[in-house]
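Shown next: target.txt, containing compact mmCIF, N, CA and C atoms.
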```txt
# COMPACT_ATOMS: atom_id res chain seq x y z
N MET A 1 40.69 -61.54 -122.17
CA MET A 1 41.07 -60.27 -121.58
C MET A 1 39.81 -59.47 -121.23
N PRO A 2 39.66 -59.10 -119.96
CA PRO A 2 38.46 -58.35 -119.57
C PRO A 2 38.46 -56.94 -120.16
N ASN A 3 37.27 -56.46 -120.47
CA ASN A 3 37.11 -55.10 -120.98
C ASN A 3 36.86 -54.17 -119.81
N SER A 4 37.92 -53.73 -119.12
CA SER A 4 37.73 -52.94 -117.91
C SER A 4 37.00 -51.63 -118.18
N TRP A 5 37.17 -51.04 -119.35
CA TRP A 5 36.49 -49.78 -119.67
C TRP A 5 34.98 -50.00 -119.77
N ILE A 6 34.57 -51.12 -120.34
CA ILE A 6 33.13 -51.38 -120.49
C ILE A 6 32.50 -51.73 -119.15
N GLU A 7 33.27 -52.32 -118.26
CA GLU A 7 32.75 -52.68 -116.94
C GLU A 7 32.48 -51.45 -116.08
N GLN A 8 33.08 -50.33 -116.42
CA GLN A 8 32.91 -49.11 -115.64
C GLN A 8 31.73 -48.26 -116.12
N ILE A 9 31.16 -48.60 -117.25
CA ILE A 9 30.03 -47.84 -117.79
C ILE A 9 28.76 -48.23 -117.03
N LYS A 10 28.17 -47.25 -116.37
CA LYS A 10 26.97 -47.51 -115.57
C LYS A 10 25.73 -47.33 -116.43
N ILE A 11 24.86 -48.33 -116.36
CA ILE A 11 23.56 -48.32 -117.02
C ILE A 11 22.51 -48.25 -115.91
N LEU A 12 21.63 -47.26 -115.96
CA LEU A 12 20.59 -47.09 -114.95
C LEU A 12 19.23 -47.35 -115.59
N LEU A 13 18.52 -48.35 -115.06
CA LEU A 13 17.20 -48.71 -115.58
C LEU A 13 16.18 -48.54 -114.46
N LEU A 14 15.15 -47.73 -114.73
CA LEU A 14 14.15 -47.40 -113.72
C LEU A 14 12.77 -47.90 -114.09
N GLU A 15 11.87 -47.85 -113.12
CA GLU A 15 10.44 -48.10 -113.32
C GLU A 15 10.11 -49.51 -113.78
N GLY A 16 10.86 -50.47 -113.30
CA GLY A 16 10.53 -51.85 -113.64
C GLY A 16 10.80 -52.23 -115.08
N VAL A 17 11.78 -51.56 -115.70
CA VAL A 17 12.20 -52.02 -117.03
C VAL A 17 12.53 -53.50 -116.86
N HIS A 18 12.09 -54.32 -117.76
CA HIS A 18 12.18 -55.77 -117.61
C HIS A 18 13.62 -56.20 -117.31
N PRO A 19 13.79 -57.12 -116.37
CA PRO A 19 15.13 -57.61 -116.00
C PRO A 19 15.91 -58.19 -117.18
N THR A 20 15.21 -58.59 -118.23
CA THR A 20 15.91 -59.09 -119.41
C THR A 20 16.81 -58.01 -120.01
N ALA A 21 16.39 -56.76 -119.92
CA ALA A 21 17.23 -55.67 -120.42
C ALA A 21 18.56 -55.63 -119.66
N ALA A 22 18.48 -55.73 -118.34
CA ALA A 22 19.70 -55.75 -117.53
C ALA A 22 20.54 -56.98 -117.87
N ALA A 23 19.90 -58.12 -118.04
CA ALA A 23 20.64 -59.34 -118.39
C ALA A 23 21.33 -59.20 -119.74
N ASN A 24 20.66 -58.56 -120.70
CA ASN A 24 21.27 -58.37 -122.01
C ASN A 24 22.47 -57.44 -121.94
N PHE A 25 22.36 -56.36 -121.16
CA PHE A 25 23.52 -55.48 -120.99
C PHE A 25 24.68 -56.24 -120.36
N ARG A 26 24.38 -57.01 -119.32
CA ARG A 26 25.44 -57.77 -118.64
C ARG A 26 26.07 -58.79 -119.57
N ALA A 27 25.26 -59.43 -120.39
CA ALA A 27 25.79 -60.42 -121.35
C ALA A 27 26.74 -59.77 -122.34
N ASP A 28 26.53 -58.48 -122.61
CA ASP A 28 27.40 -57.75 -123.52
C ASP A 28 28.60 -57.14 -122.82
N GLY A 29 28.76 -57.42 -121.52
CA GLY A 29 29.94 -56.97 -120.79
C GLY A 29 29.72 -55.77 -119.90
N TYR A 30 28.53 -55.20 -119.91
CA TYR A 30 28.22 -54.06 -119.05
C TYR A 30 27.80 -54.58 -117.68
N SER A 31 28.74 -54.75 -116.79
CA SER A 31 28.44 -55.36 -115.49
C SER A 31 27.87 -54.37 -114.48
N ASN A 32 28.01 -53.08 -114.75
CA ASN A 32 27.54 -52.06 -113.82
C ASN A 32 26.14 -51.60 -114.22
N VAL A 33 25.16 -52.47 -114.03
CA VAL A 33 23.77 -52.19 -114.38
C VAL A 33 22.97 -52.08 -113.09
N GLU A 34 22.32 -50.92 -112.92
CA GLU A 34 21.52 -50.68 -111.73
C GLU A 34 20.05 -50.68 -112.14
N LEU A 35 19.28 -51.57 -111.53
CA LEU A 35 17.88 -51.78 -111.90
C LEU A 35 16.99 -51.40 -110.72
N HIS A 36 16.04 -50.48 -110.95
CA HIS A 36 15.09 -50.06 -109.92
C HIS A 36 13.68 -50.39 -110.39
N SER A 37 12.85 -50.83 -109.48
CA SER A 37 11.47 -51.18 -109.84
C SER A 37 10.54 -49.97 -109.84
N VAL A 38 11.01 -48.83 -109.35
CA VAL A 38 10.18 -47.63 -109.24
C VAL A 38 10.85 -46.46 -109.94
N SER A 39 10.07 -45.41 -110.09
CA SER A 39 10.59 -44.15 -110.61
C SER A 39 11.36 -43.43 -109.51
N LEU A 40 12.36 -42.69 -109.89
CA LEU A 40 13.09 -41.85 -108.94
C LEU A 40 12.88 -40.40 -109.36
N SER A 41 12.99 -39.50 -108.40
CA SER A 41 12.86 -38.07 -108.72
C SER A 41 13.77 -37.27 -107.82
N GLY A 42 13.92 -36.00 -108.15
CA GLY A 42 14.70 -35.08 -107.32
C GLY A 42 16.10 -35.56 -107.05
N ALA A 43 16.52 -35.40 -105.79
CA ALA A 43 17.88 -35.74 -105.40
C ALA A 43 18.19 -37.22 -105.59
N LYS A 44 17.21 -38.09 -105.37
CA LYS A 44 17.44 -39.54 -105.55
C LYS A 44 17.76 -39.85 -107.01
N LEU A 45 17.04 -39.23 -107.92
CA LEU A 45 17.29 -39.43 -109.34
C LEU A 45 18.66 -38.88 -109.73
N ARG A 46 18.95 -37.67 -109.28
CA ARG A 46 20.25 -37.07 -109.61
C ARG A 46 21.40 -37.90 -109.05
N ASP A 47 21.27 -38.40 -107.82
CA ASP A 47 22.32 -39.21 -107.22
C ASP A 47 22.53 -40.51 -107.99
N ALA A 48 21.43 -41.17 -108.36
CA ALA A 48 21.52 -42.44 -109.08
C ALA A 48 22.14 -42.25 -110.46
N ALA A 49 21.84 -41.11 -111.09
CA ALA A 49 22.29 -40.87 -112.47
C ALA A 49 23.61 -40.11 -112.55
N ARG A 50 24.15 -39.71 -111.42
CA ARG A 50 25.36 -38.89 -111.41
C ARG A 50 26.49 -39.49 -112.25
N ASP A 51 26.68 -40.78 -112.17
CA ASP A 51 27.77 -41.42 -112.91
C ASP A 51 27.27 -42.39 -113.97
N ALA A 52 26.00 -42.26 -114.36
CA ALA A 52 25.42 -43.15 -115.38
C ALA A 52 25.72 -42.62 -116.78
N TYR A 53 25.98 -43.54 -117.68
CA TYR A 53 26.20 -43.21 -119.09
C TYR A 53 24.91 -43.34 -119.89
N PHE A 54 24.04 -44.20 -119.42
CA PHE A 54 22.76 -44.44 -120.10
C PHE A 54 21.68 -44.60 -119.05
N ILE A 55 20.49 -44.06 -119.33
CA ILE A 55 19.35 -44.23 -118.43
C ILE A 55 18.17 -44.72 -119.24
N GLY A 56 17.52 -45.73 -118.74
CA GLY A 56 16.31 -46.26 -119.36
C GLY A 56 15.14 -46.00 -118.42
N ILE A 57 14.09 -45.36 -118.94
CA ILE A 57 12.95 -44.98 -118.12
C ILE A 57 11.65 -45.37 -118.80
N ARG A 58 10.57 -45.20 -118.07
CA ARG A 58 9.23 -45.30 -118.63
C ARG A 58 8.59 -43.93 -118.47
N SER A 59 7.29 -43.86 -118.33
CA SER A 59 6.61 -42.56 -118.36
C SER A 59 6.57 -41.80 -117.04
N ALA A 60 6.85 -42.42 -115.92
CA ALA A 60 6.73 -41.73 -114.63
C ALA A 60 7.97 -40.91 -114.25
N THR A 61 9.11 -41.24 -114.81
CA THR A 61 10.34 -40.50 -114.52
C THR A 61 10.45 -39.31 -115.45
N HIS A 62 10.65 -38.14 -114.87
CA HIS A 62 10.74 -36.91 -115.66
C HIS A 62 12.17 -36.39 -115.62
N LEU A 63 12.73 -36.18 -116.81
CA LEU A 63 14.10 -35.69 -116.94
C LEU A 63 14.04 -34.26 -117.45
N ASP A 64 14.31 -33.31 -116.54
CA ASP A 64 14.24 -31.90 -116.91
C ASP A 64 15.65 -31.33 -117.09
N GLN A 65 15.72 -30.04 -117.34
CA GLN A 65 17.00 -29.39 -117.58
C GLN A 65 17.95 -29.57 -116.39
N ALA A 66 17.44 -29.44 -115.18
CA ALA A 66 18.27 -29.61 -113.99
C ALA A 66 18.86 -31.02 -113.92
N PHE A 67 18.08 -32.01 -114.34
CA PHE A 67 18.59 -33.38 -114.36
C PHE A 67 19.80 -33.47 -115.29
N PHE A 68 19.65 -32.94 -116.50
CA PHE A 68 20.74 -33.04 -117.48
C PHE A 68 21.98 -32.28 -117.04
N GLU A 69 21.81 -31.22 -116.27
CA GLU A 69 22.96 -30.48 -115.76
C GLU A 69 23.75 -31.30 -114.76
N HIS A 70 23.09 -32.20 -114.04
CA HIS A 70 23.75 -33.04 -113.04
C HIS A 70 24.28 -34.35 -113.61
N ALA A 71 23.74 -34.80 -114.69
CA ALA A 71 24.14 -36.10 -115.27
C ALA A 71 25.27 -35.87 -116.28
N GLN A 72 26.45 -35.60 -115.76
CA GLN A 72 27.58 -35.20 -116.58
C GLN A 72 28.10 -36.27 -117.53
N ARG A 73 27.93 -37.53 -117.19
CA ARG A 73 28.45 -38.62 -118.04
C ARG A 73 27.43 -39.17 -119.02
N LEU A 74 26.20 -38.73 -118.90
CA LEU A 74 25.10 -39.30 -119.69
C LEU A 74 25.34 -39.14 -121.19
N ILE A 75 25.17 -40.25 -121.92
CA ILE A 75 25.33 -40.22 -123.37
C ILE A 75 24.09 -40.73 -124.11
N GLY A 76 23.07 -41.18 -123.37
CA GLY A 76 21.86 -41.67 -124.03
C GLY A 76 20.72 -41.88 -123.06
N VAL A 77 19.50 -41.65 -123.57
CA VAL A 77 18.27 -41.87 -122.79
C VAL A 77 17.35 -42.75 -123.61
N GLY A 78 16.90 -43.82 -123.00
CA GLY A 78 15.92 -44.70 -123.64
C GLY A 78 14.60 -44.62 -122.91
N CYS A 79 13.54 -44.32 -123.63
CA CYS A 79 12.19 -44.25 -123.05
C CYS A 79 11.45 -45.51 -123.48
N PHE A 80 11.28 -46.43 -122.56
CA PHE A 80 10.63 -47.70 -122.86
C PHE A 80 9.12 -47.54 -122.67
N CYS A 81 8.55 -46.71 -123.52
CA CYS A 81 7.13 -46.37 -123.47
C CYS A 81 6.74 -45.75 -124.81
N ILE A 82 5.56 -45.20 -124.88
CA ILE A 82 5.03 -44.70 -126.14
C ILE A 82 5.76 -43.46 -126.65
N GLY A 83 6.05 -42.50 -125.79
CA GLY A 83 6.62 -41.24 -126.27
C GLY A 83 7.82 -40.79 -125.46
N THR A 84 8.16 -39.51 -125.65
CA THR A 84 9.29 -38.92 -124.94
C THR A 84 8.88 -37.64 -124.22
N ASN A 85 7.58 -37.48 -123.95
CA ASN A 85 7.07 -36.26 -123.31
C ASN A 85 7.67 -36.01 -121.94
N GLN A 86 8.15 -37.03 -121.28
CA GLN A 86 8.69 -36.90 -119.93
C GLN A 86 10.15 -36.42 -119.93
N VAL A 87 10.69 -36.14 -121.10
CA VAL A 87 12.09 -35.72 -121.23
C VAL A 87 12.13 -34.32 -121.83
N ASP A 88 12.94 -33.45 -121.23
CA ASP A 88 13.17 -32.13 -121.81
C ASP A 88 14.11 -32.33 -123.00
N LEU A 89 13.51 -32.48 -124.18
CA LEU A 89 14.28 -32.81 -125.38
C LEU A 89 15.26 -31.71 -125.76
N GLN A 90 14.91 -30.46 -125.51
CA GLN A 90 15.83 -29.37 -125.83
C GLN A 90 17.07 -29.42 -124.94
N ALA A 91 16.87 -29.70 -123.65
CA ALA A 91 18.00 -29.82 -122.72
C ALA A 91 18.90 -30.98 -123.13
N ALA A 92 18.29 -32.09 -123.54
CA ALA A 92 19.08 -33.24 -124.00
C ALA A 92 19.86 -32.88 -125.27
N GLU A 93 19.17 -32.23 -126.20
CA GLU A 93 19.83 -31.84 -127.46
C GLU A 93 20.98 -30.88 -127.20
N ASP A 94 20.78 -29.93 -126.29
CA ASP A 94 21.84 -28.98 -125.98
C ASP A 94 23.10 -29.66 -125.46
N ARG A 95 22.94 -30.82 -124.83
CA ARG A 95 24.08 -31.58 -124.31
C ARG A 95 24.54 -32.66 -125.28
N GLY A 96 23.87 -32.78 -126.43
CA GLY A 96 24.24 -33.79 -127.42
C GLY A 96 23.86 -35.20 -127.01
N ILE A 97 22.80 -35.32 -126.23
CA ILE A 97 22.36 -36.62 -125.72
C ILE A 97 21.17 -37.10 -126.54
N PRO A 98 21.32 -38.19 -127.27
CA PRO A 98 20.17 -38.71 -128.02
C PRO A 98 19.13 -39.32 -127.08
N VAL A 99 17.87 -39.12 -127.45
CA VAL A 99 16.75 -39.67 -126.70
C VAL A 99 15.93 -40.50 -127.69
N PHE A 100 15.69 -41.74 -127.34
CA PHE A 100 14.89 -42.59 -128.22
C PHE A 100 13.81 -43.26 -127.42
N ASN A 101 12.81 -43.73 -128.11
CA ASN A 101 11.77 -44.47 -127.41
C ASN A 101 11.54 -45.82 -128.10
N ALA A 102 10.91 -46.69 -127.34
CA ALA A 102 10.57 -48.02 -127.83
C ALA A 102 9.06 -48.15 -127.75
N PRO A 103 8.35 -47.61 -128.74
CA PRO A 103 6.89 -47.52 -128.63
C PRO A 103 6.17 -48.85 -128.56
N PHE A 104 6.79 -49.92 -128.96
CA PHE A 104 6.10 -51.21 -128.95
C PHE A 104 6.47 -52.06 -127.76
N SER A 105 7.28 -51.52 -126.84
CA SER A 105 7.72 -52.33 -125.70
C SER A 105 6.57 -52.69 -124.77
N ASN A 106 5.52 -51.89 -124.74
CA ASN A 106 4.39 -52.18 -123.86
C ASN A 106 3.16 -52.69 -124.61
N THR A 107 3.27 -52.88 -125.91
CA THR A 107 2.13 -53.27 -126.72
C THR A 107 1.49 -54.56 -126.21
N ARG A 108 2.29 -55.54 -125.88
CA ARG A 108 1.75 -56.81 -125.42
C ARG A 108 0.98 -56.64 -124.11
N SER A 109 1.54 -55.87 -123.19
CA SER A 109 0.86 -55.65 -121.91
C SER A 109 -0.47 -54.95 -122.10
N VAL A 110 -0.50 -53.95 -122.97
CA VAL A 110 -1.75 -53.24 -123.23
C VAL A 110 -2.76 -54.18 -123.86
N ALA A 111 -2.32 -54.97 -124.81
CA ALA A 111 -3.23 -55.91 -125.47
C ALA A 111 -3.81 -56.91 -124.47
N GLU A 112 -3.00 -57.35 -123.52
CA GLU A 112 -3.49 -58.28 -122.52
C GLU A 112 -4.58 -57.66 -121.66
N LEU A 113 -4.49 -56.35 -121.41
CA LEU A 113 -5.50 -55.67 -120.61
C LEU A 113 -6.78 -55.42 -121.40
N VAL A 114 -6.65 -55.21 -122.70
CA VAL A 114 -7.79 -54.85 -123.52
C VAL A 114 -8.57 -56.07 -124.02
N LEU A 115 -7.86 -57.10 -124.43
CA LEU A 115 -8.52 -58.27 -125.00
C LEU A 115 -9.11 -59.15 -123.89
N PRO A 116 -10.32 -59.61 -124.07
CA PRO A 116 -10.93 -60.47 -123.06
C PRO A 116 -10.24 -61.84 -123.04
N ARG A 117 -10.26 -62.44 -121.92
CA ARG A 117 -9.68 -63.79 -121.78
C ARG A 117 -10.76 -64.81 -122.05
N TRP A 118 -10.52 -65.67 -122.99
CA TRP A 118 -11.51 -66.67 -123.39
C TRP A 118 -11.29 -67.96 -122.71
```
Could you show the structure in this file as structure tokens?
Amino acid sequence: MPNSWIEQIKILLLEGVHPTAAANFRADGYSNVELHSVSLSGAKLRDAARDAYFIGIRSATHLDQAFFEHAQRLIGVGCFCIGTNQVDLQAAEDRGIPVFNAPFSNTRSVAELVLPRW
């Protein structure tokens, strides 16, 4: 029996979040996953997130109070980077939206840039 309610939940992933994340969501039944390789801002960001329940970003996408006012269905924000400075945490808290980060998601990439290749 298909889970029609789960198929309607939109997941928005921006800034080149690894395609494996989208594949994992789809494997769990979330078929409405939108993956962008770049950051979005302004009207483009608001339009993309208008019906999203979850948004995954990195450091270039900024979520301010105006964003949260337009993202009426949003129930979670994932920051796939070191911190959450790009998110208006008070605006998220006022709407009851948890914001989390994955500080080790880029560790390998940083290490590859720092360590010399032998």
Item to complete: Could you give me, as a count of residues only, the residues that sit within 9 Å of (29.3, -50.1, -117.1) in the file's coordinates, counting only C-alpha atoms?
Response: 17
Fill in: Selected residue of minimal separation from Gly42 of chain A among A:His18, A:Phe80, A:Arg95, A:His62, counting all atoms listed in the file
A:His62
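Proximity of A:Leu14, A:Phe100, A:Ala91, A:Lys44 to Thr61 of chain A, computed with only C-alpha atoms, is greatest for A:Leu14.
The coordinates place atom CA of Ser59 of chain A at 18.5 Å from atom CA of Ala43 of chain A.
Coordinates place atom N of Val99 of chain A at a distance of 11.7 Å from atom N of Gln86 of chain A.
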Practice prompt. Determine, counting all atoms listed in the file, every residue of protein, DNA or RNA that lies within 8 Å of (19.1, -49.5, -117.5) in the file coordinates, then give the result as a ChimeraX atom specification.
Written response: /A:10-14,17,21-22,33-36,54-57
